[in-house]
Structures are given as structure tokens and as C-alpha cells.
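Q: I'd like to ask you about the structure that follows.
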Amino acid sequence: MFSVEVKNLTVKFGSFAAVDGISFTVEKGEIFGFLGANGAGKTTTIRVLCGLLIPTAGEVRVMGLDPKKGLEPVKAKVGYMSQKFTLYQDMTVSENLDFTSALHRIPKGEYHHRRKELLDFIGFRAGTGRLVRELSGGTKQEVSLVAALLHDPDIVFLDEPTAGVSPAFRARFWQLIRRLSRTGKTVFVTTHYMDEAEQCGRIALMRDGRIIALNSPEKLKKEAFPEPLYELTPLTHSRAWVGKLKNERSVLDVNPYGMRYHVATRDGQAFRKAAGHMRGDFEIRPIRPSLEDVFIHLVETKK
Amino acid sequence: MNGFFQPGRALSIARKEVRHILRDPFTLGLALGLPLLMVLFFGYAMDFNVHDIRLTVYDQDRSRASRQLAEVFQSSGYFQVRYRDLGPNPAAALDSQAAKAALFIEPHFERDLFREGTSTAQVLIDGSDNSTAGVIGGYLSGIQQAAAQRLTGQSPPATPVQITTRYLFNGELNSRWFTVPGLSVVVLAILGIMLTALTVAREWETGSMELLLSTPVTPLEIIVGKLAPYLVMGLIAQAIIYLAARLLFGVPFLGSHLWLLVSTLMFLAASMAQGLLISVVTRQQIAAIQFSQMAGQLPSLMLSGFIFPIESMPVFFQYLTMIFPARWFMIVLRGLFLRGAGFSELAGPMAVLLAMDVFFITLATKRFKKDVEP
């Protein structure tokens with residue numbers, strides 16, 4: 001059984017299609033990543049899956065349940081951490097968790113047990129009597145995660161959970177995500193960070209409401225770059241060769257990458273030969289493609 | 001699901017809302033401070049009774065009769081008389097704002113009075129301030145009678161038809177008795193609409209509405225839980241105004257307290273439903289504040305009969321006032337305080353209020369549900 005099944009999902013706001021006929025499945029216990037620019041349709045998809053939005057068309061199953069047949073069973077199985085920070089800043093950690101638990105109608109004994117377990121899970125030490133607004137950004141996000149997990153959902157949707165927190169906290173948070181997935185929970189996460197996307201089991205790349213690629217990070221790289229990828233480090237200030245390279249038949253595309261350039265090729269050998277004529281303009285070195293390369297490549301070529 | 005209602009969940013929301021209120025000095029200050037401020041302002045500062053009107057007297061006769069005439073003005077208690085010599089501009093005193101009215105006594109005032117049995121004096125009134133002008137005009141007829149008696153030493157001749165007037169319910173036409181009970185309309189309209197609009201808009205703005213909606217909580221539970229604490233605050237505000245009216249200003253309360261409670265709840269419900277509607281439409285606190293000021297203040301101050309009598313409005317506006325709950329609550333309040341109106345008298349306006357409650361609550365709940373339920 002899949003945790004999530006989506007077939008031809010379309011969500012329209014007026015005439016604008018925020019999500020345009022996407023289909024995918026998510027397996028149980030998987031860390032499934034959604035990657036894409038703002039407005040690509042990631043949040044809209046998540047809101048449909050959490051039962052916050054009725055789709056215009058398409059079939060959706062969440063933990064085998066059809067939201068059309070009732071949202072409440074779906075909401076009971078789903079945990080949601082919104083992009084916006086949704087805890088009440090003027091209430092204490094304890095009060096916030098009590099409140100969330102009451103809305104889910106979690107029995108008292110079970111709640112206290114879950115709460116302790118989850119606070120231990122995130123390694124919470126700030127004190128539950130503290131006002132949420134006094135916590136650091138990262139801790140706030142962790143407490144949000146606890147709130148989303150209180151009712152023991154089978155799947156959690158995390159919409160950009162690490163936006164705006166420090167790199168150290170990002171690493172910690174991803175540790176939590178991996179541990180969650182090990183306990184059998186499905187984690188559905190959106191992110192802007194490529195290094196985070198690398199840690200997903202599979203990722204879907206979204207653009208303008210469509211999924212333009214979906215696979216594990218490794219396979220995505222292989223798919224996008226069957227032939228080698230090269231990094232060129234310029235040796236002079238002249239960039240005349242960039243235009244020349246773009247016209248080479250062996251070259252798929254040339255993209256600036258910081259001070260350097262990444263060149264995707266159709267034929268690695270032919271490219272090395274052609275580049276041999278331009279020795280002196282740049283240094284050349286084969287590299288393993290990163291997800292960022294994949295992302296730029298896909299977005300550039302599918303324009 | 002639709003119509004599904006768990007009292008426990010509504011209670012949790014209400015408890016959370018109380019925490020917000022107690023931790024937010026603005027809300028608490030607004031709810032408790034506004035009624036006090038309004039009562040003090042309208043009770044003390046905005047006194048529509050006019051005393052000590054500055055009257056400049058141009059006495060060109062300088063006779064006993066002319067001095068007696070001026071004395072009548074002075075001793076009425078409404079005027080403060082100051083003599084002045086007539087210059088080239090007869091309206092100088094009014095122009096310079098030194099006086100609100102001027103009394104001109106022509107030469108031969110006394111001679112005419114005794115020779116012809118009648119004499120004329122002219123009063124100029126500053127018409128730019130028309131509320132004062134109206135009051136002065138009203139005082140003049142009384143003064144004319146008093147003057148006739150004083151100057152001729154005899155009562156005015158009996159007229160075939162005599163109209164004697166007595167003001168019922170507010171014998172001295174004390175304007176505070178009239179305005180202070182009506183303050184409830186203004187305060188509760190503003191509080192009800194603004195607090196509700198803010199509380200829901202805030203949840204949208206901070207994103208916590210999404211948290212609420214991702215849980216199984218239903219729209220009805222959200223609405224009930226959110227509005228209940230503000231309903232209590234509205235009642236506290238009403239109690240403050242009531243106590244101030246009775247204790248500070250000695251306004252009588254002749255009606256039934258039960259009807260006061262019932263009508264207050266009805267009016268609050270209508271106001272809060274409007275606030276809910278506003279917040280659902282705006283979803284932003286700033287916009288919600290602006291909208292609710294419009295929706296709260298304008299009808300309750302201008303179109304409820306609080307300041308401007310509805311009877312003297314153009315016909316169109318008289319009908320317009322009918323669509324605002326404020327007008328009907330005003331009728332109920334003034335009836336309860338000053339006239340001791342009973343149920344038969346209040347049934348009409350209260351029925352209208354009830355109908356408005358049903359209308360606004362249905363509309364707001366529908367809009368709200370459409371918004372939060374996918």
C-alpha cells in the first residue's frame with residue numbers, strides 16, 4: 001500500500017492552474033522530497049493532501065483514504081507543519097501542545113506519554129513553561145514538529161521546515177526526519193536546499209504546477225547527465241569561449257556556477273577534443289553532478 | 001464535518017482565546033478602557049445643555065425698561081450679559097466670537113412700551129453653530145414671556161387657547177440622561193465588531209488558522225470558541241456603562257434588567273457576526289481594523305439616533321437607519337432606561353434585532369465555512 005497516491009491532480013484558482021495534472025505515489029516510510037521554486041505548486045499539493053483544499057480534478061488517496069469521502073479520517077492520519085510558523089507565540093510550549101492535543105481529542109494519558117516521548121525525541125531542554133516567542137528559531141521549528149506529531153500520524157507533511165534556521169539546526173532537523181522515517185512514518189518534505197534534497201529517498205521536481213522529474217537523487221543525476229559533466233575554471237578574464245562552447249555539437253548546455261562554469265555534454269570524448277583547442281582559456285575537470293546541476297539543467301532545457 | 005460540534009474542542013479554543021486576551025494589553029485595554037473613556041467623554045465633555053451663553057447687549061435706550069429687559073436675560077441663568085457700545089458694525093461681537101448672541105435695544109424702547117403698549121427688541125444669533133442657535137431660539141420664547149410680565153408688571157393677557165408643556169421621562173431635558181444610555185450602542189458596536197474581526201484576522205495572518213484547520217476542529221467549534229470570550233467582554237463593557245450611568249450621572253433605569261441583558265446579547269451577537277464577516281473578507285489585521293471602524297462607528301454614532309435624531313433626517317436616511325442593528329438597540333435602550341418600556345413596547349425592535357442576528361450569523365458562518373472548509 002502507498003502512503004500517498006495522486007492521479008492527474010489539478011488545482012485551479014480561477015483560471016490559473018497552481019497544480020496542473022500531476023501524478024505520483026509515495027511509499028510507506030519513505031522520505032519524499034518536493035523541490036521547486038516558490039509558486040511551483042508544492043504547498044498547494046500538500047494542502048490538498050492534508051485535507052485543507054479540495055482539488056479541481058484528479059484522484060487522491062492518503063493512507064488509502066479518499067478526502068472526498070470525509071476529511072476527518074484523513075486529518076487523523078496526517079500531521080502537517082505549515083510553511084508559516086503556526087504555534088501561538090504568546091502561549092507557552094506546554095499550552096500550545098495542550099491546545100493541539102485538545103483539538104485532536106487525544107486522551108489525557110496518551111497525550112502525556114506522547115508529549116514526553118516527542119520532547120525527548122527532539123532533545124527539548126528549554127522548559128515547557130517558556131513562552132514560544134522566547135525560543136530560538138530552530139527550537140520553535142522543532143516544537144512545531146512535536147505539535148504535528150502529537151496525534152501519532154502515519155505521514156507528516158513538512159512544508160519548508162528548515163527555512164530561515166541556522167545550518168546547525170538544519171542538520172539536526174534532518175537527523176530527526178531520518179529517525180522518523182526509520183520508525184516507519186512517511187515524511188513528505190519540501191525544501192529549497194539542494195543538500196537537503198540529496199537526503200530524500202526520492203524527489204519530485206516541480207515547475208509551474210507540473211512535476212518535471214521524479215526519482216531518487218542518484219537516478220535523477222544519471223537521467224539528466226548520461227554523459228560526463230565538466231567543471232571549467234577560467235584562467236583569463238576573457239569569456240569569449242563561453243559562446244563558442246555553447247555552439248559545440250557535443251555540448252548540451254553551459255551554466256555559470258559561481259566563478260566557474262558547468263558544462264553538460266552529449267558526448268564526453270568529443271567535448272574533450274573540442275575543448276583541447278581552447279587550452280589556456282580554462283582548466284577542465286570532470287565532476288559528479290550535484291542535484292543543483294540537475295535542477296538547473298532540467299529547468300533550462302524544459303523551458 | 002458539517003454541523004459536527006464537540007463542546008470540549010470549542011472550550012479549548014475559548015480557553016486559548018482568553019489567554020490571548022489576558023496577555024494582550026491592547027485588547028484588554030480596549031475592552032475595559034473604551035467604555036470608561038466614552039462614558040466620561042460623553043457624560044462630562046459633551047454636554048448638549050447650553051448654559052452661560054455670552055450675550056452682548058447694545059442698549060441704545062439706556063432706560064429703566066431696557067435695563068430690566070437685559071436683567072431678565074441674565075437672571076434666566078442661560079445668558080451672561082455684557083454691555084457694549086454700538087460701533088459701525090452691529091455684528092462685531094458675533095464676528096469676533098466674543099458672543100453667541102447680541103441683543104439690540106433701540107432708542108425709544110421704553111417710550112414705545114408705555115405709549116403704544118408694545119415695543120420691539122432684536123436678538124442676533126450666531127447661526128454658524130446651529131445646535132447652540134437652536135437652543136437659544138428655544139429659550140427666547142420663555143424669556144419673552146418673563147420680560148412682558150416684568151416690564152408691564154402684569155401677567156400676559158389670557159389667550160383663548162393655552163398650551164402648557166411638560167416634559168415626561170426626562171423632566172429637565174437633561175441631555176446626559178439621553179446620551180449616556182445610548183453610549184452602549186456605540187461602545188458595543190465598536191468592541192463587538194473590532195475584537196472579533198481582529199481575532200480571526202490574526203489567525204489568518206499568523207498562519208495559525210492553518211494549524212487549526214489541519215486538525216479535525218470544525219468551523220462551528222472555532223466560531224463558538226472564539227466568540228464566547230468576547231461576548232463576556234461585551235457584557236462587562238455594558239455593565240461598566242450601566243454602572244456609570246446610574247452612579248455617576250444618576251440616570252434612572254425604569255425597565256427590566258432581564259430585557260437589558262437579552263437585548264445586549266442580541267446586539268453583541270449582531271456586531272460580532274459583522275466582525276467575523278469582515279475578518280473573513282479581509283484576512284488582515286490592518287484592513288480589519290479599518291473596516292470595523294467604518295462598520296462599527298458610522299452607523300452607531302451617526303445613524304442610530306445617538307447624536308442626530310432620526311426623525312429630522314431626510315427620508316432616505318430614515319429608511320437607511322433601519323438596516324443597522326444600532327438604531328433598534330438604541331430604541332430599546334432609551335425605552336428601558338427612561339420610560340420603563342415593557343415587553344409589548346420592546347417586542348418590535350427586539351424582533352428586528354433577532355432577525356438581524358439570524359441574518360448576520362448565517363451569512364458570517366456560511367462565508368467563514370466556505371473559506372475554511374475546502
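Order determines the names: the first chain of the C-alpha cells is A, the second B, and so forth; residues in each chain are numbered 1 upward, and ligands are numbered 1 upward as they are shown.
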Residues at most 7 Å from Ile122 of chain A, counting only C-alpha atoms, excluding those fewer than 3 positions away in the same chain, as a list of chain:residue names?
A: A:Leu118, A:Leu119, A:Glu142
Q: Using only C-alpha atoms, find which residues of chain B lie within 10 Å of chain A and jot them down as an MDAnalysis selection string.
A: chainID B and resid 1 6 8:13 15:16 19:20 23:24 203:218 221 371:374
Q: Could you take the residues named above and write them with C-alpha atoms, as a PDB file, in the first residue's frame?
A:
ATOM      1  CA  MET B   1     -17.757  17.563   9.338  1.00  0.00           C
ATOM      2  CA  GLN B   6     -17.725  18.942  20.230  1.00  0.00           C
ATOM      3  CA  GLY B   8     -14.776  20.223  24.555  1.00  0.00           C
ATOM      4  CA  ARG B   9     -12.992  21.492  21.492  1.00  0.00           C
ATOM      5  CA  ALA B  10     -14.927  24.758  21.491  1.00  0.00           C
ATOM      6  CA  LEU B  11     -13.969  25.148  25.138  1.00  0.00           C
ATOM      7  CA  SER B  12     -10.293  24.621  24.336  1.00  0.00           C
ATOM      8  CA  ILE B  13     -10.477  27.354  21.745  1.00  0.00           C
ATOM      9  CA  ARG B  15      -9.615  28.998  26.816  1.00  0.00           C
ATOM     10  CA  LYS B  16      -6.874  29.770  24.334  1.00  0.00           C
ATOM     11  CA  ARG B  19      -5.112  33.592  27.231  1.00  0.00           C
ATOM     12  CA  HIS B  20      -4.612  35.810  24.201  1.00  0.00           C
ATOM     13  CA  ARG B  23      -1.721  38.583  27.580  1.00  0.00           C
ATOM     14  CA  ASP B  24      -2.520  41.326  25.122  1.00  0.00           C
ATOM     15  CA  GLU B 203      -5.191  33.704  12.960  1.00  0.00           C
ATOM     16  CA  TRP B 204      -5.156  34.058   9.213  1.00  0.00           C
ATOM     17  CA  GLU B 205      -2.269  36.481   9.259  1.00  0.00           C
ATOM     18  CA  THR B 206      -0.004  34.478  11.541  1.00  0.00           C
ATOM     19  CA  GLY B 207      -0.878  31.230   9.803  1.00  0.00           C
ATOM     20  CA  SER B 208      -2.235  29.587  12.924  1.00  0.00           C
ATOM     21  CA  MET B 209      -5.562  29.205  11.143  1.00  0.00           C
ATOM     22  CA  GLU B 210      -3.801  26.557   9.072  1.00  0.00           C
ATOM     23  CA  LEU B 211      -2.836  24.711  12.219  1.00  0.00           C
ATOM     24  CA  LEU B 212      -6.450  24.821  13.366  1.00  0.00           C
ATOM     25  CA  LEU B 213      -7.691  23.588  10.046  1.00  0.00           C
ATOM     26  CA  SER B 214      -5.236  20.731   9.820  1.00  0.00           C
ATOM     27  CA  THR B 215      -6.855  19.331  12.952  1.00  0.00           C
ATOM     28  CA  PRO B 216     -10.369  17.878  12.983  1.00  0.00           C
ATOM     29  CA  VAL B 217     -11.794  21.020  14.610  1.00  0.00           C
ATOM     30  CA  THR B 218     -14.964  22.218  12.867  1.00  0.00           C
ATOM     31  CA  GLU B 221     -16.378  24.999  17.110  1.00  0.00           C
ATOM     32  CA  ASP B 371     -13.334  29.808   3.493  1.00  0.00           C
ATOM     33  CA  VAL B 372     -12.027  27.276   5.927  1.00  0.00           C
ATOM     34  CA  GLU B 373     -13.662  24.170   4.530  1.00  0.00           C
ATOM     35  CA  PRO B 374     -12.142  23.099   1.271  1.00  0.00           C
TER      36      PRO B 374
END
Q: Which neighbours of Ser238 of chain A fall inside 10 Å, counting only C-alpha atoms, when residues of the same chain fewer than 3 positions from it are skipped, and could you give them as a ChimeraX atom specification?
A: /A:234-235,241-242,281-282
Q: Mind dumping the selected residues with C-alpha atoms as an mmCIF file, in the first residue's frame?
A:
data_model
loop_
_atom_site.group_PDB
_atom_site.id
_atom_site.type_symbol
_atom_site.label_atom_id
_atom_site.label_comp_id
_atom_site.auth_asym_id
_atom_site.auth_seq_id
_atom_site.Cartn_x
_atom_site.Cartn_y
_atom_site.Cartn_z
ATOM 1 C CA PRO A 234 38.568 30.287 -16.278
ATOM 2 C CA LEU A 235 42.256 31.212 -16.464
ATOM 3 C CA TRP A 241 34.994 30.883 -25.308
ATOM 4 C CA VAL A 242 31.713 30.501 -23.425
ATOM 5 C CA ASP A 281 41.331 29.769 -21.543
ATOM 6 C CA PHE A 282 40.300 27.398 -18.764
#
Q: With 12 Å as the cut-off and only C-alpha atoms counted, what is the closest atom pair between each nearby residue of segment 111-192 of chain B and segment 90-103 of chain B? Distances in Å to one decimal, ordered by chain and number, as a tab-separated table.
A:
residue	atom	partner	partner_atom	distance
B:Thr120	CA	B:Leu103	CA	10.9
B:Ala121	CA	B:Leu103	CA	7.1
B:Gln122	CA	B:Leu103	CA	5.8
B:Val123	CA	B:Leu103	CA	4.5
B:Leu124	CA	B:Ala102	CA	5.0
B:Ile125	CA	B:Ala101	CA	4.4
B:Asp126	CA	B:Lys100	CA	5.3
B:Gly127	CA	B:Lys100	CA	8.6
B:Ser128	CA	B:Lys100	CA	9.6
B:Asp129	CA	B:Lys100	CA	8.7
B:Asn130	CA	B:Lys100	CA	10.7
B:Ser131	CA	B:Lys100	CA	11.6
B:Thr132	CA	B:Lys100	CA	8.3
B:Ala133	CA	B:Lys100	CA	8.1
B:Gly134	CA	B:Lys100	CA	11.7
B:Val135	CA	B:Lys100	CA	11.4
B:Ile136	CA	B:Ala101	CA	8.4
B:Gly137	CA	B:Ala101	CA	10.3
B:Leu140	CA	B:Leu103	CA	11.2
Q: If you measure from atom CA of Gln297 of chain B to atom CA of Gly43 of chain B, what distance in Å do you get, rounded to one decimal?
A: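 Between atom CA of Gln297 of chain B and atom CA of Gly43 of chain B the gap works out to 18.1 Å.
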Q: Could you pull the residues within 12 Å of Ala148 of chain B, counting only C-alpha atoms, minus those fewer than 4 positions along the same chain, as JSON, numbers by chain?
A: {"B": [65, 66, 68, 69, 72, 113, 117, 118, 119, 120, 141, 142, 143, 144, 152, 153, 154, 155, 156, 157]}
Q: For Ile287 of chain A, please output as a list in words all residues within 10 Å (counting only C-alpha atoms; exclusion window: fewer than 6 positions along the same chain).
A: Pro228, Leu229, Tyr230, Glu231, Leu232, His262 and Val263 of chain A
Q: Could those selected residues go to a file with C-alpha atoms, as a short mmCIF file (atom, residue, chain, number, x, y, z; two decimals), in the first residue's frame?
A:
data_model
loop_
_atom_site.label_atom_id
_atom_site.label_comp_id
_atom_site.auth_asym_id
_atom_site.auth_seq_id
_atom_site.Cartn_x
_atom_site.Cartn_y
_atom_site.Cartn_z
CA PRO A 228 30.02 13.28 -18.13
CA LEU A 229 29.75 16.74 -16.65
CA TYR A 230 32.75 19.05 -16.55
CA GLU A 231 33.69 21.98 -14.45
CA LEU A 232 35.68 24.69 -16.18
CA HIS A 262 29.49 23.65 -15.51
CA VAL A 263 29.26 22.04 -18.94
#
Q: In segment 78-196 of chain B, what's helix (DSSP H, G or I) per DSSP? Answer as a ChimeraX atom specification?
A: /B:92-95,109-116,130-152,175-196
Q: Go ahead and dump the residues you just picked, C-alpha atoms, as a tab-separated table (two decimals), in the first residue's frame.
A:
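Writing done, so here's again-v4.tsv:
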chain	number	residue	atom	x	y	z
B	92	ALA	CA	-18.86	92.92	15.65
B	93	ALA	CA	-19.33	90.91	18.82
B	94	LEU	CA	-20.51	87.88	16.88
B	95	ASP	CA	-17.76	88.27	14.27
B	109	PHE	CA	-37.81	101.31	23.69
B	110	GLU	CA	-39.30	102.47	26.98
B	111	ARG	CA	-41.31	105.29	25.43
B	112	ASP	CA	-42.92	102.94	22.87
B	113	LEU	CA	-43.64	100.43	25.57
B	114	PHE	CA	-45.62	102.84	27.65
B	115	ARG	CA	-47.17	104.87	24.85
B	116	GLU	CA	-48.12	102.12	22.47
B	130	ASN	CA	-26.62	75.66	14.73
B	131	SER	CA	-27.06	73.45	17.75
B	132	THR	CA	-26.44	76.35	20.11
B	133	ALA	CA	-28.52	78.62	17.89
B	134	GLY	CA	-31.46	76.24	18.14
B	135	VAL	CA	-31.23	76.13	21.89
B	136	ILE	CA	-31.06	79.93	22.18
B	137	GLY	CA	-34.11	80.22	19.96
B	138	GLY	CA	-35.92	77.88	22.28
B	139	TYR	CA	-35.02	79.91	25.35
B	140	LEU	CA	-36.20	83.18	23.79
B	141	SER	CA	-39.92	82.47	23.92
B	142	GLY	CA	-39.68	81.80	27.62
B	143	ILE	CA	-37.73	84.97	28.13
B	144	GLN	CA	-40.22	86.97	26.11
B	145	GLN	CA	-43.00	85.95	28.49
B	146	ALA	CA	-40.94	86.67	31.55
B	147	ALA	CA	-39.96	90.05	30.15
B	148	ALA	CA	-43.53	91.03	29.40
B	149	GLN	CA	-44.51	90.22	32.94
B	150	ARG	CA	-41.59	92.06	34.48
B	151	LEU	CA	-41.78	95.18	32.37
B	152	THR	CA	-45.52	95.70	32.41
B	175	SER	CA	-29.02	65.62	27.81
B	176	ARG	CA	-26.87	63.19	29.82
B	177	TRP	CA	-29.86	61.06	30.61
B	178	PHE	CA	-30.41	60.87	26.93
B	179	THR	CA	-26.85	60.25	25.71
B	180	VAL	CA	-25.28	58.03	28.35
B	181	PRO	CA	-27.63	55.03	27.94
B	182	GLY	CA	-27.17	55.32	24.19
B	183	LEU	CA	-23.42	55.03	24.62
B	184	SER	CA	-23.83	51.29	24.93
B	185	VAL	CA	-24.74	51.20	21.28
B	186	VAL	CA	-21.53	52.91	20.23
B	187	VAL	CA	-19.22	51.04	22.58
B	188	LEU	CA	-20.65	47.60	21.98
B	189	ALA	CA	-20.75	48.10	18.22
B	190	ILE	CA	-17.09	49.09	18.13
B	191	LEU	CA	-15.94	46.42	20.58
B	192	GLY	CA	-18.03	43.64	19.11
B	193	ILE	CA	-17.02	44.26	15.54
B	194	MET	CA	-13.38	45.17	16.08
B	195	LEU	CA	-12.38	42.50	18.57
B	196	THR	CA	-13.98	39.73	16.55
Q: Residues at most 6 Å from segment 51-64 of chain B, counting only C-alpha atoms, excluding those fewer than 2 positions away in the same chain, as a list in words?
A: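 That gives Ser66, Arg67, Tyr78, Phe79, Gln80, Val81, Arg82, Tyr83, Arg84, Asp85, Leu86, Ala99, Lys100, Ala101, Ala102, Leu103, Phe104, Ile105, Glu106, Pro107 and His108 of chain B.
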Q: Quote the spacing between atom CA of Thr44 of chain A and atom CA of Val11 of chain A in Å to one decimal place.
A: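 About the pair atom CA of Thr44 of chain A and atom CA of Val11 of chain A: they are 7.7 Å apart.
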Q: What's around Asp20 of chain A at 10 Å? Count only C-alpha atoms, leave out sequence neighbours fewer than 4 positions away in its own chain, and write the answer as a ChimeraX atom specification.
A: /A:8-12,16,41,56-58,207-211
Q: To one decimal in Å, tell me the separation between atom CA of Thr265 of chain A and atom CA of His297 of chain A.
A: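 Spanning atom CA of Thr265 of chain A to atom CA of His297 of chain A is a straight-line distance of 11.2 Å.
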Q: Could you please write out, as a ChimeraX atom specification, every residue of segment 168-219 of chain A that DSSP assigns to strand (DSSP E)?
A: /A:186-191,202-207,210-215
Q: Given only C-alpha atoms as the basis, pick out the residue of A:Thr236, A:Thr128, A:Asn255, A:Asn215 nearest to Leu35 of chain A.
A: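 With only C-alpha atoms as the atom set, the closest residue is A:Asn215.
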